[in-house]
Amino acid sequence: MREKRRWRKTDIAAEFSHPLPWRKIEAEGLDCDYALLFSKDEADRLFKQLEEEVEYFTEEKAQVRVFGKLHSIPRKQATYGEPGLMYSFSGVQHLARPWTPTLDYIRDAVTEATGRTFNFVLVNRYKDGHDHIGEHRDDEKELDPGCPIASVSLGAARDFVFRHREARGPGPRRHIDPVKLELAHGSLLLMNQPTNTHWYHSLPARKRILSPRVNLTFRRIVSQGQKEQRPSQ
DNA sequence: CGCACGTCAACCCT
DNA sequence: TAGGGTTGACGTGC
């Protein structure tokens, strides 16, 4: 999706043999691109491999305190990436495990499709429609602000909802319609700037869904040192 | 350094 | 079953 890039022969071959039809998703301050990245057969294979490879955090590490009470988060999480990378979310620092072969493969496919490189992935596994995630923004300060977040979905298709920050909560300042889409098996959703500063997103519960979904959000993390030297990119 | 602000999931109700 | 309001301790930033 990056316009200015140097073309290599392999890129051109890949581009003409597998042209990805992107669907643009736009609203005030929201800019996303959606495409089917993998065929059903390939997505099936990748999902099965990830189910064998990915090692999720244990329950005690994945607890959150809400209104004084501790709750287990309604999903499983894991982090992978370049050795030594740390990432903090929900108030906990996580050390990235080294890339697995399947995560390697998917990361390269995303790079091929977008012209972007990533050094980290957060894996979220929703075992069925009861598992979900509440409204949030991916606005961690260690993220490279110039790099989109690339979200790959495998397994059960799930609804995905964006809501503008000024149109949520009690007494919303403005009325802005939420943006809803279904994330299909094998799909890729690119969240470009400045989407994550103005819009929250969530994966709401869908109780009729009985099968699991695995979501991979590829990111570019800037280390503190790099950030001080140059604005980067 | 003290205070304002944002966050997270479950429960209840419609 | 979906969606919206309601519940506070704690971390972060100004």
# chains A, B, ... in the order shown; residues from 1 in each chain; ligands from 1
>>> interface_residues(of="chain C", to="chain A", cutoff="7 Å", atoms="only C-alpha atoms (C1' of nucleotides)", output="ChimeraX atom specification")
/C:7-9
>>> write_last_selection(atoms="all heavy atoms", output="mmCIF file, in the first residue's frame")
data_model
loop_
_atom_site.group_PDB
_atom_site.id
_atom_site.type_symbol
_atom_site.label_atom_id
_atom_site.label_comp_id
_atom_site.auth_asym_id
_atom_site.auth_seq_id
_atom_site.Cartn_x
_atom_site.Cartn_y
_atom_site.Cartn_z
ATOM 1 P P DT C 7 -23.417 3.195 39.163
ATOM 2 O OP1 DT C 7 -24.295 2.860 40.295
ATOM 3 O OP2 DT C 7 -23.180 4.588 38.730
ATOM 4 O "O5'" DT C 7 -21.988 2.524 39.387
ATOM 5 C "C5'" DT C 7 -21.739 1.753 40.539
ATOM 6 C "C4'" DT C 7 -20.675 0.698 40.256
ATOM 7 O "O4'" DT C 7 -20.720 0.269 38.884
ATOM 8 C "C3'" DT C 7 -19.251 1.192 40.407
ATOM 9 O "O3'" DT C 7 -18.884 1.189 41.778
ATOM 10 C "C2'" DT C 7 -18.466 0.142 39.617
ATOM 11 C "C1'" DT C 7 -19.486 -0.363 38.595
ATOM 12 N N1 DT C 7 -19.112 -0.039 37.178
ATOM 13 C C2 DT C 7 -18.741 -1.079 36.350
ATOM 14 O O2 DT C 7 -18.679 -2.220 36.730
ATOM 15 N N3 DT C 7 -18.421 -0.706 35.074
ATOM 16 C C4 DT C 7 -18.441 0.570 34.542
ATOM 17 O O4 DT C 7 -18.135 0.770 33.379
ATOM 18 C C5 DT C 7 -18.844 1.608 35.450
ATOM 19 C C7 DT C 7 -18.905 3.045 35.010
ATOM 20 C C6 DT C 7 -19.165 1.260 36.712
ATOM 21 P P DG C 8 -17.693 2.155 42.227
ATOM 22 O OP1 DG C 8 -17.718 2.147 43.695
ATOM 23 O OP2 DG C 8 -17.802 3.415 41.469
ATOM 24 O "O5'" DG C 8 -16.378 1.382 41.707
ATOM 25 C "C5'" DG C 8 -15.828 0.314 42.466
ATOM 26 C "C4'" DG C 8 -14.322 0.321 42.317
ATOM 27 O "O4'" DG C 8 -13.958 0.518 40.929
ATOM 28 C "C3'" DG C 8 -13.576 1.433 43.061
ATOM 29 O "O3'" DG C 8 -12.308 0.920 43.418
ATOM 30 C "C2'" DG C 8 -13.413 2.497 41.996
ATOM 31 C "C1'" DG C 8 -13.051 1.591 40.823
ATOM 32 N N9 DG C 8 -13.233 2.183 39.502
ATOM 33 C C8 DG C 8 -13.971 3.282 39.179
ATOM 34 N N7 DG C 8 -13.969 3.557 37.906
ATOM 35 C C5 DG C 8 -13.176 2.570 37.340
ATOM 36 C C6 DG C 8 -12.804 2.328 35.991
ATOM 37 O O6 DG C 8 -13.124 2.974 35.004
ATOM 38 N N1 DG C 8 -11.985 1.205 35.870
ATOM 39 C C2 DG C 8 -11.580 0.424 36.908
ATOM 40 N N2 DG C 8 -10.795 -0.607 36.593
ATOM 41 N N3 DG C 8 -11.929 0.624 38.172
ATOM 42 C C4 DG C 8 -12.723 1.713 38.308
ATOM 43 P P DA C 9 -11.700 0.937 44.799
ATOM 44 O OP1 DA C 9 -12.425 -0.001 45.685
ATOM 45 O OP2 DA C 9 -11.537 2.345 45.181
ATOM 46 O "O5'" DA C 9 -10.261 0.312 44.500
ATOM 47 C "C5'" DA C 9 -10.196 -0.971 43.905
ATOM 48 C "C4'" DA C 9 -9.045 -1.026 42.919
ATOM 49 O "O4'" DA C 9 -9.367 -0.296 41.714
ATOM 50 C "C3'" DA C 9 -7.726 -0.459 43.429
ATOM 51 O "O3'" DA C 9 -6.729 -1.385 43.033
ATOM 52 C "C2'" DA C 9 -7.595 0.877 42.701
ATOM 53 C "C1'" DA C 9 -8.309 0.586 41.389
ATOM 54 N N9 DA C 9 -8.939 1.728 40.726
ATOM 55 C C8 DA C 9 -9.696 2.717 41.298
ATOM 56 N N7 DA C 9 -10.179 3.587 40.433
ATOM 57 C C5 DA C 9 -9.708 3.139 39.212
ATOM 58 C C6 DA C 9 -9.862 3.616 37.895
ATOM 59 N N6 DA C 9 -10.576 4.706 37.585
ATOM 60 N N1 DA C 9 -9.264 2.938 36.911
ATOM 61 C C2 DA C 9 -8.556 1.845 37.216
ATOM 62 N N3 DA C 9 -8.335 1.285 38.410
ATOM 63 C C4 DA C 9 -8.944 1.996 39.378
#
>>> residues_around(residues="DC13 of chain B", least_positions_apart="3", cutoff="12 Å", atoms="only C-alpha atoms (C1' of nucleotides)", output="list in words")
DG3, DG4, DG5 and DT6 of chain C
>>> residues_around(residues="DC14 of chain C", least_positions_apart="5", cutoff="12 Å", atoms="only C-alpha atoms (C1' of nucleotides)", output="mmCIF file with N, CA and C atoms (P, O5', C5', C4', C3', O3' and C1' of nucleotides), in the first residue's frame")
data_model
loop_
_atom_site.group_PDB
_atom_site.id
_atom_site.type_symbol
_atom_site.label_atom_id
_atom_site.label_comp_id
_atom_site.auth_asym_id
_atom_site.auth_seq_id
_atom_site.Cartn_x
_atom_site.Cartn_y
_atom_site.Cartn_z
ATOM 1 P P DC B 1 9.533 13.472 44.394
ATOM 2 O "O5'" DC B 1 8.076 14.118 44.407
ATOM 3 C "C5'" DC B 1 7.885 15.341 45.092
ATOM 4 C "C4'" DC B 1 6.465 15.804 44.881
ATOM 5 C "C3'" DC B 1 5.403 14.746 45.184
ATOM 6 O "O3'" DC B 1 4.263 15.403 45.711
ATOM 7 C "C1'" DC B 1 5.195 15.433 42.951
ATOM 8 P P DG B 2 3.277 14.691 46.838
ATOM 9 O "O5'" DG B 2 1.809 15.111 46.345
ATOM 10 C "C5'" DG B 2 1.489 16.496 46.263
ATOM 11 C "C4'" DG B 2 0.446 16.714 45.182
ATOM 12 C "C3'" DG B 2 -0.799 15.845 45.315
ATOM 13 O "O3'" DG B 2 -1.933 16.636 44.993
ATOM 14 C "C1'" DG B 2 0.162 15.502 43.202
ATOM 15 P P DC B 3 -3.432 16.269 45.529
ATOM 16 O "O5'" DC B 3 -4.294 16.475 44.214
ATOM 17 C "C5'" DC B 3 -3.987 17.557 43.342
ATOM 18 C "C4'" DC B 3 -4.207 17.151 41.899
ATOM 19 C "C3'" DC B 3 -5.510 16.371 41.666
ATOM 20 O "O3'" DC B 3 -6.202 16.981 40.596
ATOM 21 C "C1'" DC B 3 -3.702 15.283 40.629
ATOM 22 P P DA B 4 -7.848 16.837 40.461
ATOM 23 O "O5'" DA B 4 -7.989 16.580 38.892
ATOM 24 C "C5'" DA B 4 -7.294 17.438 37.998
ATOM 25 C "C4'" DA B 4 -7.056 16.718 36.683
ATOM 26 C "C3'" DA B 4 -8.289 16.008 36.125
ATOM 27 O "O3'" DA B 4 -8.383 16.297 34.748
ATOM 28 C "C1'" DA B 4 -6.473 14.469 36.357
ATOM 29 P P DC B 5 -9.737 15.917 33.936
ATOM 30 O "O5'" DC B 5 -9.243 14.647 33.115
ATOM 31 C "C5'" DC B 5 -7.986 14.707 32.451
ATOM 32 C "C4'" DC B 5 -7.571 13.321 32.037
ATOM 33 C "C3'" DC B 5 -8.730 12.451 31.508
ATOM 34 O "O3'" DC B 5 -8.404 12.051 30.203
ATOM 35 C "C1'" DC B 5 -7.375 11.256 33.058
#
>>> interface_residues(of="chain B", to="chain A", cutoff="12 Å", atoms="only C-alpha atoms (C1' of nucleotides)", output="PDB file with N, CA, C and O atoms (P, O5', C5', C4', C3', O3' and C1' of nucleotides), in the first residue's frame")
ATOM      1  P    DG B   6      -9.545  11.452  29.220  1.00  0.00           P
ATOM      2  O5'  DG B   6      -9.099   9.926  29.094  1.00  0.00           O
ATOM      3  C5'  DG B   6      -7.796   9.652  28.609  1.00  0.00           C
ATOM      4  C4'  DG B   6      -7.474   8.190  28.841  1.00  0.00           C
ATOM      5  C3'  DG B   6      -8.559   7.222  28.367  1.00  0.00           C
ATOM      6  O3'  DG B   6      -7.923   6.165  27.669  1.00  0.00           O
ATOM      7  C1'  DG B   6      -8.035   6.805  30.642  1.00  0.00           C
ATOM      8  P    DT B   7      -8.805   5.100  26.856  1.00  0.00           P
ATOM      9  O5'  DT B   7      -8.598   3.788  27.736  1.00  0.00           O
ATOM     10  C5'  DT B   7      -7.270   3.403  28.080  1.00  0.00           C
ATOM     11  C4'  DT B   7      -7.313   2.344  29.159  1.00  0.00           C
ATOM     12  C3'  DT B   7      -8.283   1.194  28.879  1.00  0.00           C
ATOM     13  O3'  DT B   7      -7.599  -0.020  29.094  1.00  0.00           O
ATOM     14  C1'  DT B   7      -8.585   2.008  31.059  1.00  0.00           C
ATOM     15  P    DC B   8      -7.164  -0.839  27.873  1.00  0.00           P
ATOM     16  O5'  DC B   8      -8.191  -2.028  27.894  1.00  0.00           O
ATOM     17  C5'  DC B   8      -8.056  -3.233  28.464  1.00  0.00           C
ATOM     18  C4'  DC B   8      -8.961  -3.565  29.643  1.00  0.00           C
ATOM     19  C3'  DC B   8     -10.317  -4.168  29.283  1.00  0.00           C
ATOM     20  O3'  DC B   8     -10.088  -5.553  29.032  1.00  0.00           O
ATOM     21  C1'  DC B   8     -10.387  -2.817  31.283  1.00  0.00           C
ATOM     22  P    DA B   9     -11.131  -6.450  28.272  1.00  0.00           P
ATOM     23  O5'  DA B   9     -12.075  -6.962  29.450  1.00  0.00           O
ATOM     24  C5'  DA B   9     -11.519  -7.757  30.495  1.00  0.00           C
ATOM     25  C4'  DA B   9     -12.606  -8.161  31.469  1.00  0.00           C
ATOM     26  C3'  DA B   9     -13.744  -8.952  30.849  1.00  0.00           C
ATOM     27  O3'  DA B   9     -14.137  -9.951  31.762  1.00  0.00           O
ATOM     28  C1'  DA B   9     -14.600  -6.947  31.779  1.00  0.00           C
ATOM     29  P    DA B  10     -15.295 -10.985  31.500  1.00  0.00           P
ATOM     30  O5'  DA B  10     -16.472 -10.540  32.480  1.00  0.00           O
ATOM     31  C5'  DA B  10     -16.215 -10.532  33.870  1.00  0.00           C
ATOM     32  C4'  DA B  10     -17.407  -9.970  34.608  1.00  0.00           C
ATOM     33  C3'  DA B  10     -18.720 -10.685  34.285  1.00  0.00           C
ATOM     34  O3'  DA B  10     -19.437 -10.817  35.493  1.00  0.00           O
ATOM     35  C1'  DA B  10     -18.930  -8.395  33.819  1.00  0.00           C
TER      36       DA B  10
END
>>> select_by_dssp(residues="segment 45-206 of chain A", states="strand (DSSP E or B)", output="MDAnalysis selection string")
chainID A and resid 63:66 69:72 76:81 86:89 92:95 97:98 120:126 133:136 143 149:155 158:164 179:183 187:191 199:203
>>> residues_around(residues="Gly186 of chain A", least_positions_apart="6", cutoff="6 Å", atoms="only C-alpha atoms (C1' of nucleotides)", output="PyMOL selection string")
chain A and resi 36-38+43+153-154
>>> write_last_selection(atoms="N, CA and C atoms", output="mmCIF file, in the first residue's frame")
data_model
loop_
_atom_site.group_PDB
_atom_site.id
_atom_site.type_symbol
_atom_site.label_atom_id
_atom_site.label_comp_id
_atom_site.auth_asym_id
_atom_site.auth_seq_id
_atom_site.Cartn_x
_atom_site.Cartn_y
_atom_site.Cartn_z
ATOM 1 N N LEU A 36 -8.347 -9.993 0.786
ATOM 2 C CA LEU A 36 -8.156 -11.410 1.081
ATOM 3 C C LEU A 36 -6.732 -11.761 0.669
ATOM 4 N N LEU A 37 -5.903 -12.078 1.655
ATOM 5 C CA LEU A 37 -4.485 -12.323 1.413
ATOM 6 C C LEU A 37 -4.212 -13.778 1.054
ATOM 7 N N PHE A 38 -4.954 -14.700 1.682
ATOM 8 C CA PHE A 38 -4.718 -16.131 1.477
ATOM 9 C C PHE A 38 -5.973 -16.814 0.949
ATOM 10 N N ALA A 43 -5.131 -20.625 3.917
ATOM 11 C CA ALA A 43 -5.530 -20.125 5.235
ATOM 12 C C ALA A 43 -5.809 -21.293 6.190
ATOM 13 N N SER A 153 -6.363 -12.316 9.816
ATOM 14 C CA SER A 153 -7.371 -13.130 10.493
ATOM 15 C C SER A 153 -7.383 -14.541 9.938
ATOM 16 N N LEU A 154 -7.434 -15.523 10.842
ATOM 17 C CA LEU A 154 -7.508 -16.926 10.439
ATOM 18 C C LEU A 154 -8.530 -17.629 11.331
#
>>> closest_residue(among="A:Leu190, A:Ala78, A:Met86, A:Ile176", to="Leu143 of chain A", atoms="only C-alpha atoms")
A:Met86
>>> decode(residues="segment 81-149 of chain A", atoms="C-alpha atoms", output="compact mmCIF listing (two decimals), in the first residue's frame")
# COMPACT_ATOMS: atom_id res chain seq x y z
CA GLY A 81 9.29 -10.85 16.98
CA GLU A 82 12.93 -9.91 16.72
CA PRO A 83 14.96 -11.25 19.68
CA GLY A 84 14.96 -8.98 22.71
CA LEU A 85 12.00 -6.79 21.70
CA MET A 86 9.78 -5.80 24.60
CA TYR A 87 6.21 -4.63 24.29
CA SER A 88 3.92 -3.40 27.04
CA PHE A 89 0.13 -3.58 26.95
CA SER A 90 -2.51 -3.85 29.67
CA GLY A 91 0.17 -2.63 32.07
CA VAL A 92 2.43 -5.68 31.58
CA GLN A 93 5.74 -5.92 29.73
CA HIS A 94 6.08 -8.87 27.40
CA LEU A 95 9.26 -10.25 25.86
CA ALA A 96 8.86 -11.32 22.23
CA ARG A 97 9.58 -14.97 21.47
CA PRO A 98 11.62 -15.59 18.30
CA TRP A 99 9.60 -15.90 15.06
CA THR A 100 8.22 -19.38 14.28
CA PRO A 101 8.36 -20.75 10.70
CA THR A 102 4.66 -20.06 10.10
CA LEU A 103 4.80 -16.54 11.56
CA ASP A 104 7.88 -15.93 9.39
CA TYR A 105 5.94 -17.01 6.33
CA ILE A 106 2.86 -14.92 7.08
CA ARG A 107 4.97 -11.85 7.96
CA ASP A 108 6.74 -12.13 4.59
CA ALA A 109 3.40 -12.49 2.77
CA VAL A 110 2.15 -9.30 4.46
CA THR A 111 5.36 -7.49 3.50
CA GLU A 112 4.98 -8.70 -0.08
CA ALA A 113 1.42 -7.37 -0.21
CA THR A 114 2.08 -4.03 1.49
CA GLY A 115 5.72 -3.06 0.92
CA ARG A 116 6.06 -2.70 4.70
CA THR A 117 8.33 -4.53 7.12
CA PHE A 118 7.43 -5.56 10.66
CA ASN A 119 9.52 -6.59 13.67
CA PHE A 120 6.80 -7.75 16.05
CA VAL A 121 3.47 -9.57 16.13
CA LEU A 122 0.78 -9.80 18.82
CA VAL A 123 -1.24 -13.01 18.56
CA ASN A 124 -4.79 -13.03 19.95
CA ARG A 125 -6.78 -16.30 20.03
CA TYR A 126 -10.55 -16.16 20.49
CA LYS A 127 -11.67 -19.73 21.26
CA ASP A 128 -15.31 -19.06 20.30
CA GLY A 129 -17.85 -16.24 20.11
CA HIS A 130 -17.75 -15.71 23.88
CA ASP A 131 -14.13 -14.59 23.67
CA HIS A 132 -13.80 -10.92 22.67
CA ILE A 133 -11.89 -7.69 23.22
CA GLY A 134 -13.33 -4.37 24.38
CA GLU A 135 -12.91 -0.98 22.73
CA HIS A 136 -9.33 0.20 22.65
CA ARG A 137 -6.77 1.94 20.47
CA ASP A 138 -3.37 0.54 19.51
CA ASP A 139 -1.62 3.72 20.60
CA GLU A 140 1.32 2.35 22.59
CA LYS A 141 4.12 4.88 22.49
CA GLU A 142 6.73 2.33 21.37
CA LEU A 143 4.91 1.81 18.03
CA ASP A 144 6.42 3.45 14.95
CA PRO A 145 3.78 6.09 14.14
CA GLY A 146 4.62 5.96 10.42
CA CYS A 147 3.94 2.24 10.07
CA PRO A 148 0.42 0.84 9.72
CA ILE A 149 -0.72 -2.10 11.85
